[in-house]
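upload08.cif follows (mmCIF, C-alpha atoms):
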```cif
data_data
loop_
_atom_site.label_atom_id
_atom_site.label_comp_id
_atom_site.auth_asym_id
_atom_site.auth_seq_id
_atom_site.Cartn_x
_atom_site.Cartn_y
_atom_site.Cartn_z
CA MET Y 96 104.32 -113.83 -260.11
CA ALA Y 97 104.41 -111.29 -262.91
CA SER Y 98 106.50 -108.16 -262.42
CA GLU Y 99 104.96 -104.73 -262.13
CA ASP Y 100 106.16 -103.89 -265.64
CA ALA Y 101 104.53 -107.02 -267.05
CA ARG Y 102 101.25 -106.23 -265.30
CA TYR Y 103 101.27 -102.67 -266.61
CA ARG Y 104 101.96 -103.80 -270.17
CA ALA Y 105 98.85 -105.98 -269.97
CA THR Y 106 96.59 -103.01 -269.15
CA SER Y 107 94.43 -101.18 -271.68
CA GLN Y 108 96.23 -97.96 -270.77
CA PHE Y 109 99.44 -99.34 -272.29
CA GLU Y 110 97.97 -101.47 -275.06
CA ALA Y 111 95.36 -99.05 -276.40
CA TRP Y 112 96.36 -95.56 -275.20
CA SER Y 113 100.17 -95.36 -275.33
CA PHE Y 114 101.69 -93.67 -278.38
CA SER Y 115 104.90 -92.19 -279.62
CA PRO Y 116 104.83 -88.44 -280.40
CA ALA Y 117 104.69 -89.22 -284.14
CA GLN Y 118 101.79 -91.65 -283.69
CA LEU Y 119 99.87 -89.15 -281.57
CA ALA Y 120 100.34 -86.36 -284.12
CA ALA Y 121 99.22 -88.68 -286.93
CA MET Y 122 96.08 -89.66 -285.00
CA ARG Y 123 95.14 -86.02 -284.48
CA GLU Y 124 95.71 -85.26 -288.14
CA LYS Y 125 93.52 -88.20 -289.13
CA THR Y 126 90.74 -87.28 -286.66
CA ASN Y 127 90.74 -83.71 -287.94
CA ALA Y 128 90.67 -84.78 -291.61
CA ILE Y 129 87.78 -87.22 -291.08
CA ALA Y 130 85.79 -84.62 -289.15
CA ARG Y 131 86.31 -81.98 -291.85
CA GLN Y 132 85.12 -84.37 -294.53
CA ARG Y 133 82.03 -85.56 -292.67
CA ILE Y 134 80.97 -82.13 -291.44
CA ALA Y 135 81.35 -80.74 -294.96
CA GLU Y 136 79.16 -83.54 -296.32
CA ARG Y 137 76.47 -82.89 -293.71
CA MET Y 138 76.55 -79.15 -294.32
CA LEU Y 139 76.19 -79.62 -298.07
CA SER Y 140 73.40 -82.15 -297.55
CA SER Y 141 71.45 -79.86 -295.23
CA ALA Y 142 71.93 -76.95 -297.62
CA SER Y 143 70.66 -78.94 -300.61
CA ASN Y 144 67.69 -80.28 -298.59
CA PRO Y 145 66.50 -77.37 -296.46
CA PRO Y 146 63.69 -78.00 -293.98
CA THR Y 147 60.23 -77.43 -295.36
CA SER Y 148 58.52 -74.25 -294.25
CA ASN Y 149 54.88 -73.74 -293.35
CA ASN Y 150 54.84 -70.30 -294.91
CA THR Y 151 52.48 -69.47 -297.77
CA SER Y 152 53.83 -70.29 -301.20
CA HIS Y 153 55.44 -67.43 -303.11
CA ALA Y 154 54.47 -68.83 -306.51
CA ASN Y 155 52.20 -65.86 -307.27
CA THR Y 156 54.50 -63.25 -305.82
CA PRO Y 157 55.65 -60.85 -308.55
CA ASP Y 158 59.33 -60.69 -309.40
CA PRO Y 159 60.67 -57.42 -307.94
CA SER Y 160 63.18 -57.11 -310.76
CA GLY Y 161 60.44 -57.41 -313.36
CA THR Y 162 62.63 -59.56 -315.60
CA GLY Y 163 61.26 -62.97 -314.61
CA THR Y 164 64.80 -64.43 -314.46
CA PRO Y 165 65.78 -66.60 -311.48
CA ASN Y 166 68.09 -65.29 -308.81
CA PRO Y 167 71.58 -66.67 -309.54
CA ASN Y 168 72.32 -66.92 -305.80
CA GLU Y 169 69.46 -69.32 -305.21
CA ASN Y 170 71.08 -72.37 -306.85
CA SER Y 171 74.71 -71.56 -306.10
CA ALA Y 172 76.72 -74.08 -304.08
CA PRO Y 173 76.91 -73.23 -300.37
CA THR Y 174 80.20 -71.92 -299.06
CA LEU Y 175 81.90 -74.14 -296.51
CA PRO Y 176 83.36 -72.50 -293.41
CA ASP Y 177 87.00 -72.37 -292.46
CA PHE Y 178 87.56 -75.54 -290.41
CA LEU Y 179 89.79 -75.81 -287.37
CA LYS Y 180 93.34 -77.04 -287.83
CA PRO Y 181 94.77 -79.82 -285.61
CA GLU Y 182 96.84 -77.34 -283.62
CA GLU Y 183 93.76 -75.18 -283.03
CA GLU Y 184 91.86 -78.22 -281.83
CA ALA Y 185 94.74 -79.04 -279.46
CA LEU Y 186 94.63 -75.49 -278.09
CA LEU Y 187 90.90 -75.73 -277.40
CA VAL Y 188 91.29 -79.16 -275.77
CA SER Y 189 93.92 -77.72 -273.42
CA PHE Y 190 91.63 -74.81 -272.58
CA TYR Y 191 88.69 -77.08 -271.81
CA VAL Y 192 90.91 -79.39 -269.75
CA SER Y 193 91.77 -76.37 -267.60
CA GLU Y 194 88.03 -75.70 -267.30
CA LEU Y 195 87.49 -79.35 -266.30
CA LEU Y 196 90.12 -79.03 -263.57
CA ARG Y 197 88.38 -75.90 -262.26
CA ALA Y 198 85.08 -77.77 -262.28
CA ALA Y 199 86.69 -80.64 -260.36
CA ASP Y 200 87.93 -78.17 -257.75
CA HIS Y 201 84.42 -76.76 -257.51
CA LEU Y 202 83.00 -80.25 -256.92
CA GLY Y 203 85.72 -81.14 -254.42
CA VAL Y 204 86.32 -84.57 -255.94
CA PRO Y 205 89.32 -86.76 -254.92
CA ASP Y 206 92.57 -86.63 -256.87
CA GLU Y 207 91.92 -89.92 -258.66
CA VAL Y 208 88.49 -88.79 -259.90
CA ARG Y 209 89.93 -85.50 -261.12
CA ALA Y 210 92.73 -87.25 -263.02
CA THR Y 211 90.57 -90.06 -264.42
CA ALA Y 212 87.95 -87.61 -265.72
CA THR Y 213 90.68 -85.59 -267.45
CA VAL Y 214 92.17 -88.70 -269.06
CA PHE Y 215 88.71 -89.74 -270.29
CA PHE Y 216 88.17 -86.25 -271.75
CA ARG Y 217 91.54 -86.26 -273.52
CA ARG Y 218 91.06 -89.76 -274.90
CA PHE Y 219 87.61 -88.87 -276.21
CA PHE Y 220 88.86 -85.84 -278.13
CA LEU Y 221 91.79 -87.82 -279.49
CA THR Y 222 89.46 -90.10 -281.47
CA ASN Y 223 86.70 -87.49 -281.94
CA SER Y 224 87.07 -83.96 -283.22
CA ILE Y 225 86.16 -81.02 -281.04
CA MET Y 226 84.18 -79.81 -284.08
CA THR Y 227 81.88 -82.83 -283.79
CA TYR Y 228 80.80 -82.87 -280.14
CA PRO Y 229 80.41 -79.95 -277.67
CA PRO Y 230 83.43 -79.86 -275.29
CA GLN Y 231 81.65 -77.73 -272.70
CA GLU Y 232 78.99 -80.40 -272.18
CA MET Y 233 81.50 -83.25 -272.31
CA ILE Y 234 83.27 -81.75 -269.27
CA LEU Y 235 80.40 -82.67 -266.95
CA VAL Y 236 79.98 -86.03 -268.68
CA ALA Y 237 83.68 -86.82 -268.10
CA LEU Y 238 83.45 -85.85 -264.44
CA PHE Y 239 80.33 -87.99 -264.00
CA VAL Y 240 81.82 -91.07 -265.71
CA GLY Y 241 85.18 -90.54 -264.00
CA SER Y 242 83.49 -90.50 -260.60
CA LYS Y 243 81.78 -93.81 -261.32
CA ALA Y 244 84.99 -95.35 -262.68
CA GLU Y 245 86.71 -94.55 -259.37
CA GLY Y 246 83.94 -96.07 -257.25
CA ARG Y 247 81.94 -92.94 -256.49
CA PHE Y 248 78.34 -92.83 -257.69
CA PRO Y 249 76.99 -89.26 -257.59
CA ARG Y 250 73.44 -88.33 -258.42
CA ILE Y 251 72.74 -86.45 -261.62
CA ILE Y 252 70.79 -83.79 -259.76
CA GLU Y 253 73.83 -83.03 -257.60
CA PHE Y 254 75.87 -82.18 -260.68
CA GLN Y 255 73.08 -80.04 -262.08
CA GLN Y 256 72.63 -78.16 -258.81
CA LYS Y 257 76.37 -77.63 -258.32
CA PHE Y 258 76.76 -76.07 -261.78
CA ASN Y 259 73.26 -74.56 -262.00
CA THR Y 260 72.55 -76.30 -265.28
CA LYS Y 261 69.78 -78.39 -266.82
CA GLN Y 262 72.14 -80.25 -269.13
CA ASP Y 263 71.20 -83.86 -269.81
CA ILE Y 264 74.45 -85.46 -268.65
CA LEU Y 265 73.29 -88.97 -269.51
CA ALA Y 266 72.91 -87.95 -273.16
CA GLY Y 267 76.68 -88.02 -273.59
CA GLU Y 268 77.56 -90.84 -271.16
CA PHE Y 269 77.49 -93.75 -273.63
CA LEU Y 270 79.17 -91.54 -276.24
CA LEU Y 271 82.11 -90.87 -273.90
CA CYS Y 272 82.38 -94.55 -272.96
CA GLN Y 273 82.36 -95.52 -276.63
CA GLY Y 274 85.04 -92.92 -277.43
CA ASN Y 275 87.20 -94.41 -274.66
CA ARG Y 276 86.62 -97.92 -276.09
CA PHE Y 277 85.15 -98.86 -272.70
CA ASN Y 278 88.62 -98.80 -271.12
CA PHE Y 279 87.78 -97.52 -267.65
CA GLU Y 280 90.92 -98.45 -265.72
CA VAL Y 281 93.43 -95.60 -265.50
CA ARG Y 282 96.73 -95.96 -263.64
CA HIS Y 283 97.91 -92.78 -261.91
CA PRO Y 284 101.28 -91.76 -260.38
CA PHE Y 285 99.94 -90.80 -256.93
CA ARG Y 286 100.61 -94.13 -255.23
CA ALA Y 287 104.04 -94.28 -256.87
CA LEU Y 288 104.86 -90.95 -255.20
CA MET Y 289 103.86 -92.35 -251.81
CA GLY Y 290 106.14 -95.35 -252.35
CA ALA Y 291 109.03 -93.10 -253.39
CA MET Y 292 108.68 -91.07 -250.20
CA MET Y 293 108.71 -94.25 -248.10
CA GLU Y 294 111.87 -95.37 -249.89
CA LEU Y 295 113.60 -92.03 -249.28
CA ARG Y 296 112.73 -92.16 -245.59
CA SER Y 297 114.20 -95.66 -245.33
CA TYR Y 298 117.65 -94.32 -246.25
CA GLY Y 299 117.81 -92.53 -242.91
CA ASP Y 300 120.21 -89.76 -243.97
CA ILE Y 301 117.75 -87.33 -245.62
CA ASP Y 302 116.17 -84.46 -243.72
CA GLU Y 303 112.46 -85.08 -243.09
CA GLN Y 304 111.48 -81.51 -243.92
CA ARG Y 305 113.14 -81.82 -247.30
CA ILE Y 306 111.13 -84.96 -248.04
CA ILE Y 307 107.88 -83.32 -246.94
CA ALA Y 308 108.53 -80.24 -249.11
CA ALA Y 309 109.43 -82.38 -252.13
CA GLU Y 310 106.33 -84.56 -251.71
CA LYS Y 311 104.04 -81.53 -251.45
CA ARG Y 312 105.48 -79.87 -254.55
CA ALA Y 313 105.53 -83.09 -256.58
CA HIS Y 314 101.89 -83.75 -255.65
CA GLU Y 315 100.91 -80.26 -256.84
CA ILE Y 316 102.67 -80.93 -260.14
CA LEU Y 317 100.96 -84.31 -260.58
CA LEU Y 318 97.54 -82.70 -260.11
CA PHE Y 319 98.09 -80.29 -263.00
CA SER Y 320 101.07 -80.77 -265.32
CA PRO Y 321 100.51 -84.35 -266.61
CA LEU Y 322 96.81 -83.61 -267.11
CA MET Y 323 97.47 -80.48 -269.15
CA THR Y 324 100.01 -82.24 -271.39
CA ASP Y 325 100.21 -85.52 -273.32
CA ALA Y 326 102.21 -87.24 -270.57
CA TYR Y 327 99.62 -89.99 -270.01
CA PHE Y 328 99.85 -90.91 -273.71
CA HIS Y 329 103.67 -91.19 -273.70
CA TYR Y 330 104.89 -92.28 -270.27
CA THR Y 331 104.13 -94.78 -267.52
CA PRO Y 332 102.81 -93.60 -264.12
CA SER Y 333 106.18 -94.26 -262.45
CA GLN Y 334 108.02 -92.24 -265.10
CA ILE Y 335 105.57 -89.36 -264.62
CA MET Y 336 106.12 -89.57 -260.86
CA PHE Y 337 109.91 -89.44 -261.22
CA ALA Y 338 109.63 -86.47 -263.59
CA ALA Y 339 107.41 -84.59 -261.12
CA LEU Y 340 109.78 -85.41 -258.24
CA SER Y 341 112.70 -84.24 -260.35
CA LEU Y 342 110.95 -80.91 -260.88
CA ALA Y 343 110.31 -80.68 -257.14
CA ASP Y 344 113.77 -81.83 -255.99
CA ARG Y 345 116.16 -83.13 -258.63
CA GLY Y 346 118.63 -84.37 -256.02
CA LEU Y 347 116.10 -86.69 -254.37
CA ALA Y 348 114.95 -88.09 -257.71
CA GLU Y 349 118.52 -88.83 -258.79
CA ARG Y 350 119.27 -90.41 -255.42
CA LEU Y 351 116.35 -92.80 -255.85
CA ILE Y 352 117.45 -93.77 -259.34
CA GLN Y 353 121.07 -94.23 -258.30
CA GLU Y 354 120.08 -96.46 -255.38
CA THR Y 355 117.81 -98.54 -257.63
CA PHE Y 356 120.03 -98.97 -260.69
CA HIS Y 357 123.39 -99.54 -259.03
CA PHE Y 358 124.35 -103.12 -259.80
CA VAL Y 359 127.74 -103.69 -261.47
CA PRO Y 360 128.31 -107.41 -262.22
CA PRO Y 361 131.54 -109.12 -261.20
CA THR Y 362 133.24 -110.95 -264.01
CA THR Y 363 133.67 -114.43 -262.46
CA ASN Y 364 133.61 -116.27 -259.16
CA ASN Y 365 136.78 -117.34 -257.36
CA ASP Y 366 136.74 -120.66 -259.22
CA ASN Y 367 136.49 -118.86 -262.61
CA THR Y 368 132.86 -119.96 -263.13
CA PRO Y 369 130.22 -117.43 -264.30
CA ALA Y 370 128.83 -115.55 -261.33
CA VAL Y 371 125.13 -115.94 -260.54
CA THR Y 372 122.95 -114.00 -258.14
CA PRO Y 373 119.86 -115.44 -256.45
CA LEU Y 374 116.55 -113.73 -256.96
CA PRO Y 375 115.23 -111.88 -253.89
CA GLY Y 376 113.54 -114.28 -251.50
CA THR Y 377 115.03 -117.45 -253.08
CA GLU Y 378 118.54 -117.41 -251.62
CA ASN Y 379 117.96 -120.59 -249.59
CA SER Y 380 115.68 -122.41 -251.99
CA GLY Y 381 118.47 -124.34 -253.65
CA ILE Y 382 116.94 -123.76 -257.08
CA SER Y 383 119.27 -122.69 -259.85
CA ARG Y 384 118.28 -121.37 -263.24
CA LYS Y 385 119.77 -124.40 -265.00
CA GLU Y 386 118.17 -126.93 -262.65
CA GLY Y 387 114.83 -125.21 -262.12
CA GLY Y 388 114.00 -124.29 -265.66
CA GLY Y 389 114.47 -120.53 -265.29
CA LYS Y 390 113.46 -120.08 -261.63
CA GLY Y 391 115.44 -119.12 -258.56
CA THR Y 392 118.70 -117.47 -259.61
CA MET Y 393 119.78 -115.29 -262.48
CA THR Y 394 123.18 -114.56 -263.91
CA ASN Y 395 124.82 -111.26 -263.10
CA ASP Y 396 124.52 -110.22 -266.73
CA GLU Y 397 120.77 -110.73 -266.54
CA ARG Y 398 120.57 -108.77 -263.31
CA ALA Y 399 122.69 -105.97 -264.77
CA ALA Y 400 120.26 -105.75 -267.68
CA ILE Y 401 117.50 -104.95 -265.16
CA ILE Y 402 119.18 -102.78 -262.49
CA GLY Y 403 122.56 -101.97 -264.01
CA PRO Y 404 124.12 -98.67 -265.12
CA GLY Y 405 123.09 -99.22 -268.73
CA ILE Y 406 119.39 -99.30 -268.00
CA ARG Y 407 119.87 -96.44 -265.52
CA ASP Y 408 121.06 -94.11 -268.27
CA LYS Y 409 118.08 -95.10 -270.42
CA VAL Y 410 115.64 -94.46 -267.55
CA MET Y 411 117.26 -91.10 -266.82
CA GLY Y 412 116.84 -90.07 -270.46
CA THR Y 413 113.15 -90.98 -270.43
CA ILE Y 414 112.53 -89.15 -267.16
CA GLU Y 415 114.34 -86.08 -268.45
CA ALA Y 416 112.11 -86.02 -271.56
CA CYS Y 417 109.01 -86.33 -269.40
CA ARG Y 418 110.35 -83.63 -267.10
CA ASN Y 419 110.72 -81.25 -270.03
CA MET Y 420 107.13 -81.92 -271.07
CA LEU Y 421 105.76 -81.29 -267.57
CA SER Y 422 107.80 -78.11 -267.21
CA ASN Y 423 105.76 -76.54 -270.02
CA GLU Y 424 102.64 -76.65 -267.83
CA LEU Y 425 103.65 -76.11 -264.21
CA PRO Y 426 100.92 -75.35 -261.63
CA GLU Y 427 101.79 -71.65 -261.89
CA ARG Y 428 100.29 -71.74 -265.39
CA LYS Y 429 96.77 -72.00 -263.96
CA SER Y 430 96.52 -68.22 -264.07
CA HIS Y 431 97.50 -68.32 -267.76
CA TRP Y 432 94.37 -70.25 -268.73
CA THR Y 433 92.09 -68.02 -266.64
CA SER Y 434 93.64 -64.76 -267.84
CA GLU Y 435 91.19 -62.47 -269.60
CA SER Y 436 93.84 -61.16 -271.98
CA ILE Y 437 94.87 -64.69 -273.01
CA PHE Y 438 91.23 -65.65 -273.50
CA LYS Y 439 90.58 -62.64 -275.75
CA SER Y 440 93.75 -62.99 -277.82
CA GLN Y 441 94.04 -66.78 -278.19
CA ILE Y 442 90.88 -68.64 -277.15
CA ARG Y 443 88.01 -66.43 -278.28
CA PRO Y 444 89.04 -66.26 -281.99
CA VAL Y 445 89.28 -70.06 -282.18
CA ARG Y 446 85.96 -70.54 -280.35
CA LYS Y 447 84.33 -68.08 -282.74
CA LYS Y 448 85.72 -70.10 -285.62
CA LEU Y 449 84.37 -73.28 -283.98
CA THR Y 450 80.82 -71.94 -283.88
CA LYS Y 451 80.84 -71.73 -287.69
CA CYS Y 452 82.28 -75.19 -288.43
CA ARG Y 453 80.70 -77.43 -285.80
CA ASP Y 454 78.77 -80.53 -286.83
CA PRO Y 455 75.12 -79.59 -287.48
CA GLU Y 456 73.84 -83.08 -286.66
CA ARG Y 457 75.88 -84.09 -283.61
CA TRP Y 458 76.42 -80.92 -281.63
CA ASN Y 459 73.14 -81.24 -279.72
CA LEU Y 460 73.69 -84.33 -277.57
CA SER Y 461 70.10 -84.62 -276.36
CA GLU Y 462 68.72 -84.42 -279.91
CA LEU Y 463 71.36 -86.88 -281.11
CA GLN Y 464 70.36 -89.34 -278.39
CA ARG Y 465 66.67 -88.97 -279.30
CA GLN Y 466 67.37 -89.59 -282.99
CA ARG Y 467 69.42 -92.69 -282.23
CA ARG Y 468 66.68 -94.09 -280.00
CA GLU Y 469 64.10 -93.56 -282.72
CA ALA Y 470 66.40 -95.18 -285.29
CA GLY Y 471 66.83 -98.15 -282.98
CA LEU Y 472 63.08 -98.52 -282.56
CA ARG Y 473 62.53 -98.35 -286.32
CA ARG Y 474 65.21 -100.97 -286.85
CA ALA Y 475 63.63 -103.22 -284.23
CA ASP Y 476 60.21 -102.82 -285.89
CA SER Y 477 61.61 -103.71 -289.30
CA GLU Y 478 63.16 -106.86 -287.85
CA GLU Y 479 59.91 -107.86 -286.16
CA ARG Y 480 57.89 -107.85 -289.42
CA PRO Y 481 59.69 -110.75 -291.18
CA ALA Y 482 59.74 -112.62 -287.87
CA ALA Y 483 55.97 -112.22 -287.63
CA SER Y 484 55.45 -113.67 -291.14
CA ASN Y 485 57.63 -116.67 -290.30
CA GLY Y 486 55.68 -117.19 -287.10
CA ALA Y 487 52.38 -117.15 -288.99
CA LYS Y 488 53.61 -119.92 -291.30
CA ASP Y 489 54.69 -122.03 -288.34
CA ALA Y 490 51.32 -121.46 -286.68
CA GLY Y 491 49.56 -123.18 -289.56
CA ILE Y 492 51.49 -126.37 -288.81
CA PHE Y 493 51.99 -126.33 -285.06
CA GLY Y 494 49.00 -124.25 -284.04
CA GLY Y 495 48.98 -121.03 -282.03
CA ASP Y 496 50.64 -117.69 -282.73
CA LEU Y 497 54.39 -118.15 -282.50
CA ALA Y 498 55.30 -114.72 -283.84
CA ALA Y 499 54.71 -112.74 -280.66
CA GLY Y 500 55.91 -115.32 -278.16
CA ALA Y 501 59.17 -116.03 -276.41
CA PRO Y 502 60.39 -118.72 -278.87
CA GLU Y 503 60.97 -116.07 -281.55
CA LYS Y 504 62.99 -113.96 -279.16
CA LYS Y 505 65.08 -116.98 -278.30
CA ARG Y 506 65.54 -117.69 -282.02
CA ARG Y 507 66.94 -114.18 -282.57
CA LYS Y 508 69.35 -114.69 -279.70
CA VAL Y 509 70.60 -117.97 -281.08
CA ASP Y 510 71.12 -116.92 -284.69
CA GLY Y 511 72.46 -113.47 -283.70
CA SER Y 512 69.97 -111.43 -285.72
CA GLY Y 513 68.89 -108.19 -284.14
CA LEU Y 514 71.96 -107.96 -281.89
CA GLU Y 515 73.99 -104.76 -282.12
CA ASP Y 516 77.69 -104.40 -281.60
CA PRO Y 517 78.00 -103.49 -277.88
CA PHE Y 518 80.98 -101.27 -278.67
CA GLY Y 519 79.10 -99.24 -281.27
CA GLY Y 520 80.07 -98.41 -284.81
CA PRO Y 521 83.48 -97.28 -286.04
CA LEU Y 522 84.75 -93.98 -284.64
#
```
Can you dump the structure from the file as C-alpha cells?
Amino acid sequence: MASEDARYRATSQFEAWSFSPAQLAAMREKTNAIARQRIAERMLSSASNPPTSNNTSHANTPDPSGTGTPNPNENSAPTLPDFLKPEEEALLVSFYVSELLRAADHLGVPDEVRATATVFFRRFFLTNSIMTYPPQEMILVALFVGSKAEGRFPRIIEFQQKFNTKQDILAGEFLLCQGNRFNFEVRHPFRALMGAMMELRSYGDIDEQRIIAAEKRAHEILLFSPLMTDAYFHYTPSQIMFAALSLADRGLAERLIQETFHFVPPTTNNDNTPAVTPLPGTENSGISRKEGGGKGTMTNDERAAIIGPGIRDKVMGTIEACRNMLSNELPERKSHWTSESIFKSQIRPVRKKLTKCRDPERWNLSELQRQRREAGLRRADSEERPAASNGAKDAGIFGGDLAAGAPEKKRRKVDGSGLEDPFGGPL
C-alpha cells in the first residue's frame, strides 16, 4: 500500500498547485504582464471603434472656432491608465480573502467549505489578474463552488437572500472552475490536527488541559493564517498543521517531532552482519528484503533515512519556515483588515486605481456569459451549414434528407468536428 506521502504527491494539489517562492512570484509577474497587455489592447480597440450613437449628425453644425480646422484632440491616441503592479494585486487579493472569510462566517459554513472556497479564490487569481475579473463577485462564486466541492449543495436563492444581492452567481461558476483547472480536491490540515492530539494523549504524561488549549489555539490559527498567506502553495497539510501547533504550543510540537524522528541505527548485529529492521506489521512474516524483492524488512540505514535525526532536522527547518509565514497573519490580524483607517490609507487608493484599469470586456460576468453563449451559437450555426450541404448531396443518392437527422450528429461525434475543449482555452 502506498504511503501517505506517495498518495499526497499524486494529488492535483501537489502536482499542479505547489510552487517554490520564486516560482510563485514569477507566475504573478507573468499574470500581471499578460493582463496589462490584453487590457491595453482592448482599451485601444474600444477607443478606436467607439459605439455608434443614435444622435443627429453634426455634419451641418458650424465650427465654433470659425477656422474650419479639425480639433487636434479628436484623433489623438487614447491615454492608457496606470495599471496595478503585482504587489498591489497581492494586497487586493489578501483584502478580498478577508472579505471572503467574513462572508463564510456570515453563512455559517463548515471549516472545510470555508478553507476550500478560499483556496479556489486564491488559485483563480493566481492565473487570472484581479484587473480582469471582479473579485467582489468571485467571492460568492468561490463560496458556492467550494460548498459543492465539499458535498454541500446550497440553492442559489439562499446565497442571494443571505447577502441581499441579485448577482448571477452561475455566471462566474464555469470561469472559476476553469481557472482552477477543474482541480476540486483540496487537502486541509484539520484532520492532521485531530491525529496529532490523539498522539499526544497516547503519551500519557501530558496534562489534558494543555492539550485542549493547544488544540483550540491551533484550530483558530488554521482557520485564518494559512488562508491569508501562501501556505497552501508552499507546504503540505501536515507541515501547516505542525506550524500552527508550534505557534500554539512549541513544546508540544517539538515533542511530537522528537517522538516521530528518533531512530538512531546500530552499526552491526552481534555477528557483525548489517542490521535490518522489520517493517511494522511484518515482524513474523519471514520475508526479508533480499528474499522478497523489496518487501518485509528494511535496513537500518533505510529506516534512518525516513525517521532518523537527519530527516528530523530537515522537517524542523521546513516547519519553522511555515511557522514564520503563518505568524505574519495571526487571527488577531482580523481587526487589521476591517479597520477603517487601514482601508482608507491602503485599500481605497488601490481600489480607486483598479476602477480605471479594469478589463472593459470581462468585468461584467453576466454580459461576458451572454456574449460567449451567442458566440457558441454562431459557431454551431456555421458548422451546421456545410453539414447541410453534404447531407443534400447524400440525399440525391440514398434518398431522404440526411442533413437534419441523427446520422450527421453521429458523424460529428466520430470525426471530432464541432467538439470544444472541455477545459476551455488557454488562461
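You will find CA of Phe254 in chain Y at 23.4 Å from CA of Trp432 in chain Y.
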Exactly which residues make up the result of the PyMOL selection byres ((chain Y and resi 234) around 9) on this file, given as a list in words?
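When the PyMOL selection byres ((chain Y and resi 234) around 9) is applied, the selected residues are Tyr191, Val192, Glu194, Leu195, Ala198, Ala212, Thr213, Phe216, Pro230, Gln231, Glu232, Met233, Leu235, Val236, Ala237, Leu238 and Phe239 of chain Y.
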Between Y:Ser477, Y:Ser461, Y:Ser115, Y:Ser320, which is the closest to Lys261 in chain Y once you count all atoms listed in the file?
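With all atoms listed in the file as the atom set, the closest residue is Y:Ser461.
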Grab the CA of Leu119 in chain Y to CA of Phe328 in chain Y distance for me, in Å with one decimal place.
8.1 Å
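Considering only C-alpha atoms, the residue among Y:Glu469, Y:Ala121, Y:Phe319, Y:Leu270 positioned nearest to Arg209 in chain Y is Y:Phe319.
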Ile352 in chain Y surroundings by all atoms listed in the file, 12 Å radius, close-in-sequence under 6 positions cut, as a list in words:
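With the cut-off at 12 Å, the set is Ala291, Glu294, Leu295, Ser333, Gln334, Phe337, Ala338, Leu340, Ser341, Arg345, Gly346, Phe358, Ile402, Gly403, Pro404, Ile406, Arg407, Asp408, Lys409, Val410, Met411, Gly412 and Ile414 of chain Y.
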Just the selected residues (C-alpha atoms), exported as a JSON list (two decimals), in the coordinates of the input, please.
```json
[["chain", "number", "residue", "atom", "x", "y", "z"],
["Y", 291, "ALA", "CA", 109.03, -93.10, -253.39],
["Y", 294, "GLU", "CA", 111.87, -95.37, -249.89],
["Y", 295, "LEU", "CA", 113.60, -92.03, -249.28],
["Y", 333, "SER", "CA", 106.18, -94.26, -262.45],
["Y", 334, "GLN", "CA", 108.02, -92.24, -265.10],
["Y", 337, "PHE", "CA", 109.91, -89.44, -261.22],
["Y", 338, "ALA", "CA", 109.63, -86.47, -263.59],
["Y", 340, "LEU", "CA", 109.78, -85.41, -258.24],
["Y", 341, "SER", "CA", 112.70, -84.24, -260.35],
["Y", 345, "ARG", "CA", 116.16, -83.13, -258.63],
["Y", 346, "GLY", "CA", 118.63, -84.37, -256.02],
["Y", 358, "PHE", "CA", 124.35, -103.12, -259.80],
["Y", 402, "ILE", "CA", 119.18, -102.78, -262.49],
["Y", 403, "GLY", "CA", 122.56, -101.97, -264.01],
["Y", 404, "PRO", "CA", 124.12, -98.67, -265.12],
["Y", 406, "ILE", "CA", 119.39, -99.30, -268.00],
["Y", 407, "ARG", "CA", 119.87, -96.44, -265.52],
["Y", 408, "ASP", "CA", 121.06, -94.11, -268.27],
["Y", 409, "LYS", "CA", 118.08, -95.10, -270.42],
["Y", 410, "VAL", "CA", 115.64, -94.46, -267.55],
["Y", 411, "MET", "CA", 117.26, -91.10, -266.82],
["Y", 412, "GLY", "CA", 116.84, -90.07, -270.46],
["Y", 414, "ILE", "CA", 112.53, -89.15, -267.16]]
```
